[in-house]
Amino acid sequence: MTAAETPATALVVDDDEAIRSMLTAVLSNESLTVTTAANGQDAVEAFRQHHADVVLMDIRMPKMNGLQAMKAILEINRSSAVILMTAFAEIATAVQAVKDGAFDYVIKPFDLDEIRLLVRRALEISAMRADIASLRRELSDRYGAEGILTANPAMKDLRQTIAKVARSQATVLIHGESGTGKELVAAAVHYGSPRATGPFVRVNCAAIPEGLLESEFFGHEKGAFTGAATRRRGRFEQADGGSLFLDEIGEMSPGLQVKLLRVLQEREFERVGGTEPIRTDVRVIVATNRDLEAMVREGTFRQDLYFRLNVVALKTIPLRDRREDIRLLADHFLERFAADNGVKLRGFDPAALECLEAYPWPGNVRELANAVERAVVMSTTSAIQPEDLPESIACGSTPVFEAHPLGADNPIRPLREMVRTFESHVIQRALAENDDNRARTAAQLGISRRALLYKLHDYDIS
Ligand SMILES: Nc1ncnc2c1ncn2[C@@H]1O[C@H](COP(=O)(O)OP(=O)(O)OP(=O)(O)O)[C@@H](O)[C@H]1O
Ligand SMILES: [Mg+2]
């Protein structure tokens with residue numbers, strides 16, 4: 001927020017009424033909104049109620065003096081600018097106060113121009129500080145470990161491990177199901193590391209055609225092969241001074257595995273068609289949803305490379321194993337997509353939330369994000385309703401605990417009973433999908449019409 005959008009605010013604190021009214025007049029003239037207090041205690045109270053961008057405060061006052069009041073105010077808001085007003089005899093105290101966080105001090109009697117100038121500077125600096133703070137927050141929210149939202153103890157541990165691991169140079173192997181946040185973890189490792197100001201380069205090993213992989217990684221010299229019209233820097237060079245994130249490492253060809261191993265060991269490589277060795281300073285982070293250990297046993301992934309990569313292993317957890325995160329993440333995505341789409345939404349209807357919490361989320365957080373995005377777009381009321389959710393979540397009029405007899409949270413009942421519940425719901429859903437047309441429903445379920453009629457009767461479905 002800049003001074004141009006909302007008027008800046010000032011708090012004037014002095015036990016001398018004449019000084020209070022003079023400063024109020026001067027600052028109001030500068031388009032500031034001014035409040036006043038006659039002692040430190042009232043000042044802290046006033047500040048607590050409506051923060052001020054700049055505080056002009058006498059040091060010697062009854063009740064609570066200016067230094068104590070400043071301390072309390074800075075505890076409430078560390079970035080507020082406090083300008084102390086002091087008698088000549090108290091300069092030493094004022095100097096100390098500046099070391100303790102005061103913006104500056106003026107000596108009484110002061111010049112009004114001096115006050116104007118100081119206040120303007122204080123406002124500029126506090127606006128800049130606020131901008132920097134919000135930018136930093138945005139960056140680390142988006143990319144830092146803090147951006148990994150979770151209420152789950154094991155995921156919280158993971159977050160702490162990331163912070164520790166980030167500081168080291170170790171190669172990191174991230175393993176987890178699709179959509180569980182592996183890329184988020186990789187970014188958090190990079191942005192939490194001393195390399196954060198360097199590049200974060202991502203390569204999806206599964207998306208590059210086999211023939212181009214080598215040049216993609218190591219670059220090529222002009223004329224190295226047909227089509228290589230110019231020299232090209234590979235990903236390893238681009239990531240110099242930063243981190244290289246090799247996503248889906250399990251898809252890497254055996255040939256490239258050898259080359260990668262060599263770079264990791266020697267920190268050196270050549271461009272395709274080149275002879276001159278190139279050295280780069282790159283931290284490697286890899287991710288996969290495949291079981292690399294099993295691949296090593298099967299002989300499809302090199303064991304030596306696996307050992308090289310597996311210096312630090314981080315595991316992401318499937319969403320179904322941390323159900324406490326469903327609500328947290330759903331709220332988070334709701335807020336984000338509502339803002340993106342300019343939609344005003346209060347939240348989830350309790351029934352919709354119940355559906356989300358009961359669903360097993362095979363596609364994990366990504367699937368949840370997509371479901372919420374769709375619901376935000378589909379919603380017509382002030383809260384997300386069950387019918388706004390994608391059909392795959394099977395959130396109909398049926399109570400959720402029944403709609404998902406196999407949900408992990410449901411107690412095991414006799415098999416026969418559970419199978420019946422399940423069957424009944426499958427039939428109800430098929431009927432709904434076929435607009436109650438029994439012939440089509442029977443065809444879809446692969447049973448005879450007669451069998452369907454019997455079951456409808458048996459389950460008391462009308
Ligand atoms: N804990 C979390 N907090 C906030 N957002 C998350 C969290 N986990 C995942 N996401 C978001 O969910 C989406 C999927 O995460 P991400 O791409 O990191 O998964 P992935 O494990 O790399 O999946 P894949 O294996 O399919 O590549 C991203 O948009 C990511 O920002
Ligand atoms: Mg990914």
# chains A, B, ... in the order shown; residues from 1 in each chain; ligands from 1
>>> residues_around(residues="range 381-383 of chain A", least_positions_apart="3", cutoff="12 Å", atoms="only C-alpha atoms", output="PyMOL selection string")
chain A and resi 331+334-335+338+343-353+372+375-378+386-389
>>> write_last_selection(atoms="N, CA, C and O atoms", output="short mmCIF file (atom, residue, chain, number, x, y, z; two decimals), in the first residue's frame")
data_model
loop_
_atom_site.label_atom_id
_atom_site.label_comp_id
_atom_site.auth_asym_id
_atom_site.auth_seq_id
_atom_site.Cartn_x
_atom_site.Cartn_y
_atom_site.Cartn_z
N ASP A 331 -9.09 -25.31 1.52
CA ASP A 331 -9.31 -23.89 1.84
C ASP A 331 -8.30 -23.01 1.11
O ASP A 331 -8.64 -21.96 0.57
N LEU A 334 -9.15 -22.88 -2.54
CA LEU A 334 -10.38 -22.11 -2.72
C LEU A 334 -10.06 -20.62 -2.74
O LEU A 334 -10.49 -19.89 -3.63
N GLU A 335 -9.27 -20.20 -1.76
CA GLU A 335 -8.92 -18.79 -1.67
C GLU A 335 -8.19 -18.35 -2.95
O GLU A 335 -8.50 -17.33 -3.53
N ALA A 338 -10.54 -18.55 -6.12
CA ALA A 338 -11.58 -17.53 -6.05
C ALA A 338 -10.98 -16.18 -6.43
O ALA A 338 -11.57 -15.43 -7.20
N VAL A 343 -14.07 -14.42 -7.96
CA VAL A 343 -15.32 -14.92 -7.39
C VAL A 343 -15.28 -14.72 -5.88
O VAL A 343 -14.24 -14.92 -5.26
N LYS A 344 -16.41 -14.31 -5.31
CA LYS A 344 -16.46 -14.18 -3.86
C LYS A 344 -17.09 -15.43 -3.27
O LYS A 344 -18.22 -15.76 -3.57
N LEU A 345 -16.34 -16.15 -2.44
CA LEU A 345 -16.86 -17.39 -1.86
C LEU A 345 -16.55 -17.42 -0.37
O LEU A 345 -15.48 -17.04 0.06
N ARG A 346 -17.51 -17.91 0.36
CA ARG A 346 -17.38 -17.96 1.81
C ARG A 346 -16.55 -19.17 2.23
O ARG A 346 -15.86 -19.17 3.21
N GLY A 347 -16.67 -20.25 1.46
CA GLY A 347 -15.97 -21.47 1.82
C GLY A 347 -16.72 -22.67 1.30
O GLY A 347 -17.44 -22.57 0.30
N PHE A 348 -16.57 -23.80 2.01
CA PHE A 348 -17.24 -25.03 1.57
C PHE A 348 -18.48 -25.27 2.41
O PHE A 348 -18.47 -25.05 3.62
N ASP A 349 -19.50 -25.72 1.78
CA ASP A 349 -20.66 -26.22 2.49
C ASP A 349 -20.19 -27.46 3.26
O ASP A 349 -19.37 -28.23 2.75
N PRO A 350 -20.65 -27.66 4.51
CA PRO A 350 -20.15 -28.80 5.30
C PRO A 350 -20.27 -30.14 4.57
O PRO A 350 -19.38 -30.99 4.68
N ALA A 351 -21.33 -30.33 3.79
CA ALA A 351 -21.49 -31.60 3.08
C ALA A 351 -20.42 -31.76 2.01
O ALA A 351 -19.89 -32.85 1.79
N ALA A 352 -20.06 -30.67 1.35
CA ALA A 352 -19.03 -30.72 0.32
C ALA A 352 -17.68 -31.05 0.96
O ALA A 352 -16.90 -31.85 0.45
N LEU A 353 -17.44 -30.43 2.10
CA LEU A 353 -16.19 -30.68 2.80
C LEU A 353 -16.09 -32.14 3.22
O LEU A 353 -15.03 -32.77 3.11
N VAL A 372 -10.99 -28.39 -6.75
CA VAL A 372 -11.42 -27.12 -6.14
C VAL A 372 -11.53 -26.04 -7.21
O VAL A 372 -12.47 -25.25 -7.22
N ALA A 375 -14.72 -26.56 -8.95
CA ALA A 375 -15.85 -26.21 -8.10
C ALA A 375 -16.03 -24.69 -8.01
O ALA A 375 -17.15 -24.20 -8.03
N VAL A 376 -14.90 -23.98 -7.95
CA VAL A 376 -14.98 -22.51 -7.88
C VAL A 376 -15.65 -21.96 -9.14
O VAL A 376 -16.50 -21.09 -9.09
N VAL A 377 -15.27 -22.53 -10.27
CA VAL A 377 -15.83 -22.08 -11.53
C VAL A 377 -17.32 -22.44 -11.64
O VAL A 377 -18.13 -21.68 -12.14
N MET A 378 -17.67 -23.64 -11.13
CA MET A 378 -19.05 -24.12 -11.24
C MET A 378 -20.00 -23.49 -10.23
O MET A 378 -21.20 -23.52 -10.42
N PRO A 386 -21.90 -29.71 -2.69
CA PRO A 386 -21.46 -31.03 -3.17
C PRO A 386 -21.57 -31.16 -4.69
O PRO A 386 -20.69 -31.71 -5.33
N GLU A 387 -22.63 -30.60 -5.27
CA GLU A 387 -22.82 -30.79 -6.71
C GLU A 387 -21.84 -29.96 -7.55
O GLU A 387 -21.75 -30.15 -8.76
N ASP A 388 -21.12 -29.04 -6.92
CA ASP A 388 -20.10 -28.28 -7.65
C ASP A 388 -18.83 -29.11 -7.86
O ASP A 388 -17.98 -28.77 -8.68
N LEU A 389 -18.71 -30.19 -7.08
CA LEU A 389 -17.49 -30.99 -7.14
C LEU A 389 -17.53 -31.94 -8.34
O LEU A 389 -18.61 -32.32 -8.79
#
>>> residues_near_ligand(ligand="ligand 2", cutoff="8 Å", atoms="only C-alpha atoms and all ligand atoms", output="PyMOL selection string")
chain A and resi 178-179+181-184+247-248+287
>>> select_by_dssp(residues="range 124-211 of chain A", states="strand (DSSP E or B)", output="ChimeraX atom specification")
/A:172-175,200-204
>>> residues_near_ligand(ligand="ligand 1", cutoff="7 Å", atoms="only C-alpha atoms and all ligand atoms", output="JSON list (two decimals) with all heavy atoms, in the first residue's frame")
[["chain", "number", "residue", "atom", "x", "y", "z"],
["A", 147, "GLY", "N", 5.92, -22.68, 2.06],
["A", 147, "GLY", "CA", 4.87, -22.80, 1.06],
["A", 147, "GLY", "C", 4.28, -24.21, 1.01],
["A", 147, "GLY", "O", 3.29, -24.45, 0.34],
["A", 148, "ILE", "N", 4.93, -25.14, 1.71],
["A", 148, "ILE", "CA", 4.40, -26.49, 1.78],
["A", 148, "ILE", "C", 3.42, -26.52, 2.94],
["A", 148, "ILE", "O", 3.80, -26.63, 4.10],
["A", 148, "ILE", "CB", 5.53, -27.52, 2.00],
["A", 148, "ILE", "CG1", 6.55, -27.40, 0.87],
["A", 148, "ILE", "CG2", 4.96, -28.94, 2.08],
["A", 148, "ILE", "CD1", 7.78, -28.25, 1.07],
["A", 149, "LEU", "N", 2.15, -26.37, 2.62],
["A", 149, "LEU", "CA", 1.15, -26.29, 3.68],
["A", 149, "LEU", "C", 0.87, -27.68, 4.21],
["A", 149, "LEU", "O", 0.68, -28.62, 3.43],
["A", 149, "LEU", "CB", -0.14, -25.69, 3.12],
["A", 149, "LEU", "CG", 0.00, -24.30, 2.51],
["A", 149, "LEU", "CD1", -1.33, -23.87, 1.92],
["A", 149, "LEU", "CD2", 0.48, -23.33, 3.56],
["A", 150, "THR", "N", 0.82, -27.82, 5.51],
["A", 150, "THR", "CA", 0.48, -29.12, 6.07],
["A", 150, "THR", "C", 0.14, -29.02, 7.54],
["A", 150, "THR", "O", 0.60, -28.13, 8.24],
["A", 150, "THR", "CB", 1.63, -30.14, 5.88],
["A", 150, "THR", "OG1", 1.17, -31.43, 6.26],
["A", 150, "THR", "CG2", 2.85, -29.75, 6.69],
["A", 176, "GLY", "N", 7.99, -39.97, -4.22],
["A", 176, "GLY", "CA", 6.61, -39.91, -3.77],
["A", 176, "GLY", "C", 5.66, -40.07, -4.93],
["A", 176, "GLY", "O", 6.06, -39.93, -6.09],
["A", 177, "GLU", "N", 4.41, -40.33, -4.60],
["A", 177, "GLU", "CA", 3.39, -40.52, -5.63],
["A", 177, "GLU", "C", 3.18, -39.24, -6.43],
["A", 177, "GLU", "O", 3.51, -38.15, -5.96],
["A", 177, "GLU", "CB", 2.06, -40.90, -4.97],
["A", 177, "GLU", "CG", 1.96, -42.35, -4.59],
["A", 177, "GLU", "CD", 0.60, -42.66, -3.97],
["A", 177, "GLU", "OE1", -0.37, -41.93, -4.22],
["A", 177, "GLU", "OE2", 0.54, -43.65, -3.23],
["A", 178, "SER", "N", 2.58, -39.41, -7.58],
["A", 178, "SER", "CA", 2.28, -38.28, -8.43],
["A", 178, "SER", "C", 1.37, -37.28, -7.72],
["A", 178, "SER", "O", 0.40, -37.68, -7.07],
["A", 178, "SER", "CB", 1.61, -38.80, -9.69],
["A", 178, "SER", "OG", 1.40, -37.75, -10.57],
["A", 179, "GLY", "N", 1.70, -36.00, -7.83],
["A", 179, "GLY", "CA", 0.86, -34.96, -7.27],
["A", 179, "GLY", "C", 0.99, -34.73, -5.78],
["A", 179, "GLY", "O", 0.20, -34.01, -5.18],
["A", 180, "THR", "N", 2.02, -35.31, -5.15],
["A", 180, "THR", "CA", 2.17, -35.15, -3.70],
["A", 180, "THR", "C", 3.03, -33.95, -3.33],
["A", 180, "THR", "O", 3.23, -33.69, -2.16],
["A", 180, "THR", "CB", 2.77, -36.41, -3.07],
["A", 180, "THR", "OG1", 3.91, -36.82, -3.84],
["A", 180, "THR", "CG2", 1.77, -37.54, -2.99],
["A", 181, "GLY", "N", 3.57, -33.26, -4.32],
["A", 181, "GLY", "CA", 4.34, -32.05, -4.02],
["A", 181, "GLY", "C", 5.84, -32.20, -4.17],
["A", 181, "GLY", "O", 6.61, -31.46, -3.56],
["A", 182, "LYS", "N", 6.28, -33.13, -5.00],
["A", 182, "LYS", "CA", 7.72, -33.34, -5.17],
["A", 182, "LYS", "C", 8.41, -32.10, -5.74],
["A", 182, "LYS", "O", 9.48, -31.72, -5.31],
["A", 182, "LYS", "CB", 7.99, -34.55, -6.08],
["A", 182, "LYS", "CG", 7.52, -35.87, -5.47],
["A", 182, "LYS", "CD", 7.97, -37.05, -6.28],
["A", 182, "LYS", "CE", 7.34, -37.11, -7.66],
["A", 182, "LYS", "NZ", 5.86, -37.26, -7.63],
["A", 183, "GLU", "N", 7.76, -31.49, -6.72],
["A", 183, "GLU", "CA", 8.37, -30.31, -7.32],
["A", 183, "GLU", "C", 8.43, -29.16, -6.31],
["A", 183, "GLU", "O", 9.39, -28.39, -6.27],
["A", 183, "GLU", "CB", 7.59, -29.89, -8.56],
["A", 183, "GLU", "CG", 8.27, -28.76, -9.29],
["A", 183, "GLU", "CD", 7.81, -28.61, -10.74],
["A", 183, "GLU", "OE1", 7.05, -29.47, -11.23],
["A", 183, "GLU", "OE2", 8.22, -27.63, -11.37],
["A", 184, "LEU", "N", 7.40, -29.09, -5.49],
["A", 184, "LEU", "CA", 7.35, -28.07, -4.45],
["A", 184, "LEU", "C", 8.52, -28.26, -3.47],
["A", 184, "LEU", "O", 9.17, -27.30, -3.05],
["A", 184, "LEU", "CB", 6.03, -28.24, -3.70],
["A", 184, "LEU", "CG", 5.34, -27.03, -3.12],
["A", 184, "LEU", "CD1", 5.05, -26.01, -4.19],
["A", 184, "LEU", "CD2", 4.07, -27.45, -2.43],
["A", 185, "VAL", "N", 8.78, -29.53, -3.13],
["A", 185, "VAL", "CA", 9.89, -29.85, -2.23],
["A", 185, "VAL", "C", 11.22, -29.47, -2.89],
["A", 185, "VAL", "O", 12.09, -28.85, -2.27],
["A", 185, "VAL", "CB", 9.89, -31.35, -1.87],
["A", 185, "VAL", "CG1", 11.17, -31.74, -1.12],
["A", 185, "VAL", "CG2", 8.66, -31.68, -1.01],
["A", 288, "THR", "N", 11.29, -38.69, -8.44],
["A", 288, "THR", "CA", 10.66, -39.77, -9.18],
["A", 288, "THR", "C", 9.45, -40.30, -8.41],
["A", 288, "THR", "O", 9.39, -40.21, -7.19],
["A", 288, "THR", "CB", 11.63, -40.93, -9.44],
["A", 288, "THR", "OG1", 10.97, -41.93, -10.23],
["A", 288, "THR", "CG2", 12.10, -41.57, -8.14],
["A", 289, "ASN", "N", 8.49, -40.85, -9.16],
["A", 289, "ASN", "CA", 7.41, -41.55, -8.47],
["A", 289, "ASN", "C", 7.60, -43.06, -8.62],
["A", 289, "ASN", "O", 6.77, -43.84, -8.21],
["A", 289, "ASN", "CB", 6.03, -41.11, -8.99],
["A", 289, "ASN", "CG", 5.93, -41.21, -10.50],
["A", 289, "ASN", "OD1", 6.75, -41.90, -11.13],
["A", 289, "ASN", "ND2", 4.97, -40.54, -11.08],
["A", 329, "LEU", "N", -5.69, -27.73, 2.64],
["A", 329, "LEU", "CA", -5.32, -27.45, 1.26],
["A", 329, "LEU", "C", -6.54, -27.01, 0.45],
["A", 329, "LEU", "O", -6.43, -26.12, -0.40],
["A", 329, "LEU", "CB", -4.68, -28.70, 0.63],
["A", 329, "LEU", "CG", -3.28, -29.03, 1.16],
["A", 329, "LEU", "CD1", -2.85, -30.42, 0.74],
["A", 329, "LEU", "CD2", -2.27, -28.00, 0.69],
["A", 365, "VAL", "N", -2.53, -34.09, -4.19],
["A", 365, "VAL", "CA", -2.81, -32.66, -4.07],
["A", 365, "VAL", "C", -3.18, -32.03, -5.41],
["A", 365, "VAL", "O", -4.03, -31.16, -5.48],
["A", 365, "VAL", "CB", -1.61, -31.92, -3.44],
["A", 365, "VAL", "CG1", -1.94, -30.46, -3.21],
["A", 365, "VAL", "CG2", -1.21, -32.59, -2.13],
["A", 366, "ARG", "N", -2.55, -32.52, -6.49],
["A", 366, "ARG", "CA", -2.89, -31.95, -7.78],
["A", 366, "ARG", "C", -4.36, -32.19, -8.12],
["A", 366, "ARG", "O", -5.06, -31.30, -8.60],
["A", 366, "ARG", "CB", -1.99, -32.51, -8.88],
["A", 366, "ARG", "CG", -2.39, -31.93, -10.25],
["A", 366, "ARG", "CD", -1.49, -32.31, -11.39],
["A", 366, "ARG", "NE", -0.14, -31.87, -11.21],
["A", 366, "ARG", "CZ", 0.88, -32.68, -10.96],
["A", 366, "ARG", "NH1", 0.69, -33.98, -10.88],
["A", 366, "ARG", "NH2", 2.07, -32.20, -10.81],
["A", 369, "ALA", "N", -6.45, -29.85, -6.06],
["A", 369, "ALA", "CA", -6.39, -28.49, -6.61],
["A", 369, "ALA", "C", -7.32, -28.37, -7.82],
["A", 369, "ALA", "O", -8.08, -27.41, -7.94],
["A", 369, "ALA", "CB", -4.96, -28.13, -6.99]]
>>> residues_around(residues="Thr86 in chain A", least_positions_apart="3", cutoff="9 Å", atoms="only C-alpha atoms", output="number ranges by chain")
A: 57-60, 89-91, 93-94, 105-109
>>> write_last_selection(atoms="N, CA, C and O atoms", output="PDB file, in the first residue's frame")
ATOM      1  N   MET A  57       7.376  11.083  19.261  1.00  0.00           N
ATOM      2  CA  MET A  57       7.172  10.865  20.690  1.00  0.00           C
ATOM      3  C   MET A  57       8.209  11.567  21.544  1.00  0.00           C
ATOM      4  O   MET A  57       9.416  11.466  21.312  1.00  0.00           O
ATOM      5  N   ASP A  58       7.700  12.268  22.535  1.00  0.00           N
ATOM      6  CA  ASP A  58       8.539  12.901  23.539  1.00  0.00           C
ATOM      7  C   ASP A  58       9.172  11.801  24.399  1.00  0.00           C
ATOM      8  O   ASP A  58       8.592  10.720  24.536  1.00  0.00           O
ATOM      9  N   ILE A  59      10.359  12.077  24.958  1.00  0.00           N
ATOM     10  CA  ILE A  59      10.951  11.037  25.802  1.00  0.00           C
ATOM     11  C   ILE A  59      10.459  11.156  27.243  1.00  0.00           C
ATOM     12  O   ILE A  59      10.011  10.189  27.849  1.00  0.00           O
ATOM     13  N   ARG A  60      10.523  12.387  27.772  1.00  0.00           N
ATOM     14  CA  ARG A  60      10.153  12.521  29.184  1.00  0.00           C
ATOM     15  C   ARG A  60       8.668  12.830  29.323  1.00  0.00           C
ATOM     16  O   ARG A  60       8.203  13.892  28.922  1.00  0.00           O
ATOM     17  N   ALA A  89      19.697  17.750  26.928  1.00  0.00           N
ATOM     18  CA  ALA A  89      20.362  16.995  27.993  1.00  0.00           C
ATOM     19  C   ALA A  89      20.214  15.482  27.831  1.00  0.00           C
ATOM     20  O   ALA A  89      20.924  14.705  28.450  1.00  0.00           O
ATOM     21  N   GLU A  90      19.278  15.065  26.982  1.00  0.00           N
ATOM     22  CA  GLU A  90      19.003  13.625  26.878  1.00  0.00           C
ATOM     23  C   GLU A  90      19.523  12.995  25.589  1.00  0.00           C
ATOM     24  O   GLU A  90      19.097  11.901  25.227  1.00  0.00           O
ATOM     25  N   ILE A  91      20.428  13.685  24.928  1.00  0.00           N
ATOM     26  CA  ILE A  91      20.888  13.186  23.628  1.00  0.00           C
ATOM     27  C   ILE A  91      21.460  11.769  23.720  1.00  0.00           C
ATOM     28  O   ILE A  91      21.181  10.915  22.874  1.00  0.00           O
ATOM     29  N   THR A  93      20.685   9.374  25.626  1.00  0.00           N
ATOM     30  CA  THR A  93      19.567   8.425  25.676  1.00  0.00           C
ATOM     31  C   THR A  93      18.968   8.232  24.292  1.00  0.00           C
ATOM     32  O   THR A  93      18.654   7.106  23.876  1.00  0.00           O
ATOM     33  N   ALA A  94      18.807   9.342  23.578  1.00  0.00           N
ATOM     34  CA  ALA A  94      18.199   9.275  22.250  1.00  0.00           C
ATOM     35  C   ALA A  94      19.066   8.467  21.293  1.00  0.00           C
ATOM     36  O   ALA A  94      18.551   7.668  20.498  1.00  0.00           O
ATOM     37  N   TYR A 105      15.895  10.915  15.915  1.00  0.00           N
ATOM     38  CA  TYR A 105      15.438  11.789  16.998  1.00  0.00           C
ATOM     39  C   TYR A 105      15.605  13.240  16.584  1.00  0.00           C
ATOM     40  O   TYR A 105      16.409  13.556  15.701  1.00  0.00           O
ATOM     41  N   VAL A 106      14.821  14.115  17.188  1.00  0.00           N
ATOM     42  CA  VAL A 106      14.986  15.566  16.990  1.00  0.00           C
ATOM     43  C   VAL A 106      15.174  16.206  18.351  1.00  0.00           C
ATOM     44  O   VAL A 106      14.660  15.709  19.367  1.00  0.00           O
ATOM     45  N   ILE A 107      15.939  17.308  18.348  1.00  0.00           N
ATOM     46  CA  ILE A 107      16.212  17.979  19.613  1.00  0.00           C
ATOM     47  C   ILE A 107      15.298  19.190  19.761  1.00  0.00           C
ATOM     48  O   ILE A 107      15.124  19.970  18.835  1.00  0.00           O
ATOM     49  N   LYS A 108      14.672  19.244  20.923  1.00  0.00           N
ATOM     50  CA  LYS A 108      13.783  20.378  21.217  1.00  0.00           C
ATOM     51  C   LYS A 108      14.630  21.586  21.589  1.00  0.00           C
ATOM     52  O   LYS A 108      15.620  21.434  22.308  1.00  0.00           O
ATOM     53  N   PRO A 109      14.286  22.788  21.207  1.00  0.00           N
ATOM     54  CA  PRO A 109      13.157  23.095  20.321  1.00  0.00           C
ATOM     55  C   PRO A 109      13.534  22.798  18.874  1.00  0.00           C
ATOM     56  O   PRO A 109      14.662  23.020  18.496  1.00  0.00           O
TER      57      PRO A 109
END
>>> residues_around(residues="Ala81 in chain A", least_positions_apart="5", cutoff="9 Å", atoms="only C-alpha atoms", output="PyMOL selection string")
chain A and resi 52-56+74+101-104+119+122-123+125-126
>>> write_last_selection(atoms="N, CA, C and O atoms", output="PDB file, in the first residue's frame")
ATOM      1  N   ALA A  52       0.025   3.303  13.530  1.00  0.00           N
ATOM      2  CA  ALA A  52       0.399   4.525  12.823  1.00  0.00           C
ATOM      3  C   ALA A  52       1.651   4.245  12.012  1.00  0.00           C
ATOM      4  O   ALA A  52       2.498   3.456  12.416  1.00  0.00           O
ATOM      5  N   ASP A  53       1.753   4.877  10.852  1.00  0.00           N
ATOM      6  CA  ASP A  53       2.950   4.671  10.032  1.00  0.00           C
ATOM      7  C   ASP A  53       4.159   5.332  10.676  1.00  0.00           C
ATOM      8  O   ASP A  53       5.266   4.833  10.596  1.00  0.00           O
ATOM      9  N   VAL A  54       3.912   6.490  11.298  1.00  0.00           N
ATOM     10  CA  VAL A  54       5.015   7.187  11.955  1.00  0.00           C
ATOM     11  C   VAL A  54       4.550   7.687  13.325  1.00  0.00           C
ATOM     12  O   VAL A  54       3.412   8.129  13.485  1.00  0.00           O
ATOM     13  N   VAL A  55       5.456   7.555  14.309  1.00  0.00           N
ATOM     14  CA  VAL A  55       5.129   7.973  15.670  1.00  0.00           C
ATOM     15  C   VAL A  55       6.126   9.048  16.092  1.00  0.00           C
ATOM     16  O   VAL A  55       7.338   8.842  16.023  1.00  0.00           O
ATOM     17  N   LEU A  56       5.610  10.212  16.486  1.00  0.00           N
ATOM     18  CA  LEU A  56       6.478  11.290  17.001  1.00  0.00           C
ATOM     19  C   LEU A  56       6.287  11.305  18.504  1.00  0.00           C
ATOM     20  O   LEU A  56       5.173  11.518  18.987  1.00  0.00           O
ATOM     21  N   LEU A  74       7.099  -1.027  19.136  1.00  0.00           N
ATOM     22  CA  LEU A  74       7.864  -1.831  18.176  1.00  0.00           C
ATOM     23  C   LEU A  74       7.561  -3.319  18.329  1.00  0.00           C
ATOM     24  O   LEU A  74       7.697  -4.083  17.385  1.00  0.00           O
ATOM     25  N   GLY A 101      16.177   0.776  17.838  1.00  0.00           N
ATOM     26  CA  GLY A 101      15.105   0.650  16.866  1.00  0.00           C
ATOM     27  C   GLY A 101      14.328   1.916  16.545  1.00  0.00           C
ATOM     28  O   GLY A 101      13.418   1.870  15.721  1.00  0.00           O
ATOM     29  N   ALA A 102      14.673   3.049  17.208  1.00  0.00           N
ATOM     30  CA  ALA A 102      13.996   4.299  16.844  1.00  0.00           C
ATOM     31  C   ALA A 102      14.441   4.683  15.439  1.00  0.00           C
ATOM     32  O   ALA A 102      15.555   4.371  15.019  1.00  0.00           O
ATOM     33  N   PHE A 103      13.562   5.367  14.686  1.00  0.00           N
ATOM     34  CA  PHE A 103      13.930   5.761  13.336  1.00  0.00           C
ATOM     35  C   PHE A 103      14.954   6.886  13.390  1.00  0.00           C
ATOM     36  O   PHE A 103      15.957   6.867  12.687  1.00  0.00           O
ATOM     37  N   ASP A 104      14.694   7.880  14.276  1.00  0.00           N
ATOM     38  CA  ASP A 104      15.622   9.004  14.423  1.00  0.00           C
ATOM     39  C   ASP A 104      15.177   9.816  15.633  1.00  0.00           C
ATOM     40  O   ASP A 104      14.203   9.460  16.292  1.00  0.00           O
ATOM     41  N   VAL A 119       9.658  13.142   8.759  1.00  0.00           N
ATOM     42  CA  VAL A 119       8.438  12.349   8.622  1.00  0.00           C
ATOM     43  C   VAL A 119       8.319  11.804   7.205  1.00  0.00           C
ATOM     44  O   VAL A 119       8.014  10.629   7.003  1.00  0.00           O
ATOM     45  N   ALA A 122      10.730   8.996   6.852  1.00  0.00           N
ATOM     46  CA  ALA A 122      10.257   7.822   7.603  1.00  0.00           C
ATOM     47  C   ALA A 122       9.164   7.095   6.831  1.00  0.00           C
ATOM     48  O   ALA A 122       9.153   5.863   6.756  1.00  0.00           O
ATOM     49  N   LEU A 123       8.260   7.877   6.220  1.00  0.00           N
ATOM     50  CA  LEU A 123       7.164   7.255   5.477  1.00  0.00           C
ATOM     51  C   LEU A 123       7.683   6.518   4.243  1.00  0.00           C
ATOM     52  O   LEU A 123       7.249   5.408   3.947  1.00  0.00           O
ATOM     53  N   ILE A 125      10.637   5.245   3.829  1.00  0.00           N
ATOM     54  CA  ILE A 125      11.352   4.031   4.228  1.00  0.00           C
ATOM     55  C   ILE A 125      10.389   2.962   4.723  1.00  0.00           C
ATOM     56  O   ILE A 125      10.534   1.787   4.388  1.00  0.00           O
ATOM     57  N   SER A 126       9.343   3.364   5.460  1.00  0.00           N
ATOM     58  CA  SER A 126       8.462   2.301   5.944  1.00  0.00           C
ATOM     59  C   SER A 126       7.633   1.710   4.808  1.00  0.00           C
ATOM     60  O   SER A 126       7.325   0.517   4.819  1.00  0.00           O
TER      61      SER A 126
END
>>> residues_around(residues="Arg320 in chain A", least_positions_apart="5", cutoff="8 Å", atoms="only C-alpha atoms", output="PyMOL selection string")
chain A and resi 360-362+364
>>> write_last_selection(atoms="N, CA and C atoms", output="mmCIF file, in the first residue's frame")
data_model
loop_
_atom_site.group_PDB
_atom_site.id
_atom_site.type_symbol
_atom_site.label_atom_id
_atom_site.label_comp_id
_atom_site.auth_asym_id
_atom_site.auth_seq_id
_atom_site.Cartn_x
_atom_site.Cartn_y
_atom_site.Cartn_z
ATOM 1 N N PRO A 360 -10.565 -40.738 -1.598
ATOM 2 C CA PRO A 360 -9.179 -41.223 -1.404
ATOM 3 C C PRO A 360 -8.093 -40.473 -2.180
ATOM 4 N N TRP A 361 -8.420 -39.582 -3.081
ATOM 5 C CA TRP A 361 -7.452 -38.744 -3.798
ATOM 6 C C TRP A 361 -6.280 -39.498 -4.413
ATOM 7 N N PRO A 362 -6.568 -40.389 -5.367
ATOM 8 C CA PRO A 362 -5.466 -41.097 -6.022
ATOM 9 C C PRO A 362 -4.496 -40.141 -6.732
ATOM 10 N N ASN A 364 -3.773 -37.230 -5.573
ATOM 11 C CA ASN A 364 -3.187 -36.420 -4.503
ATOM 12 C C ASN A 364 -3.499 -34.930 -4.591
#
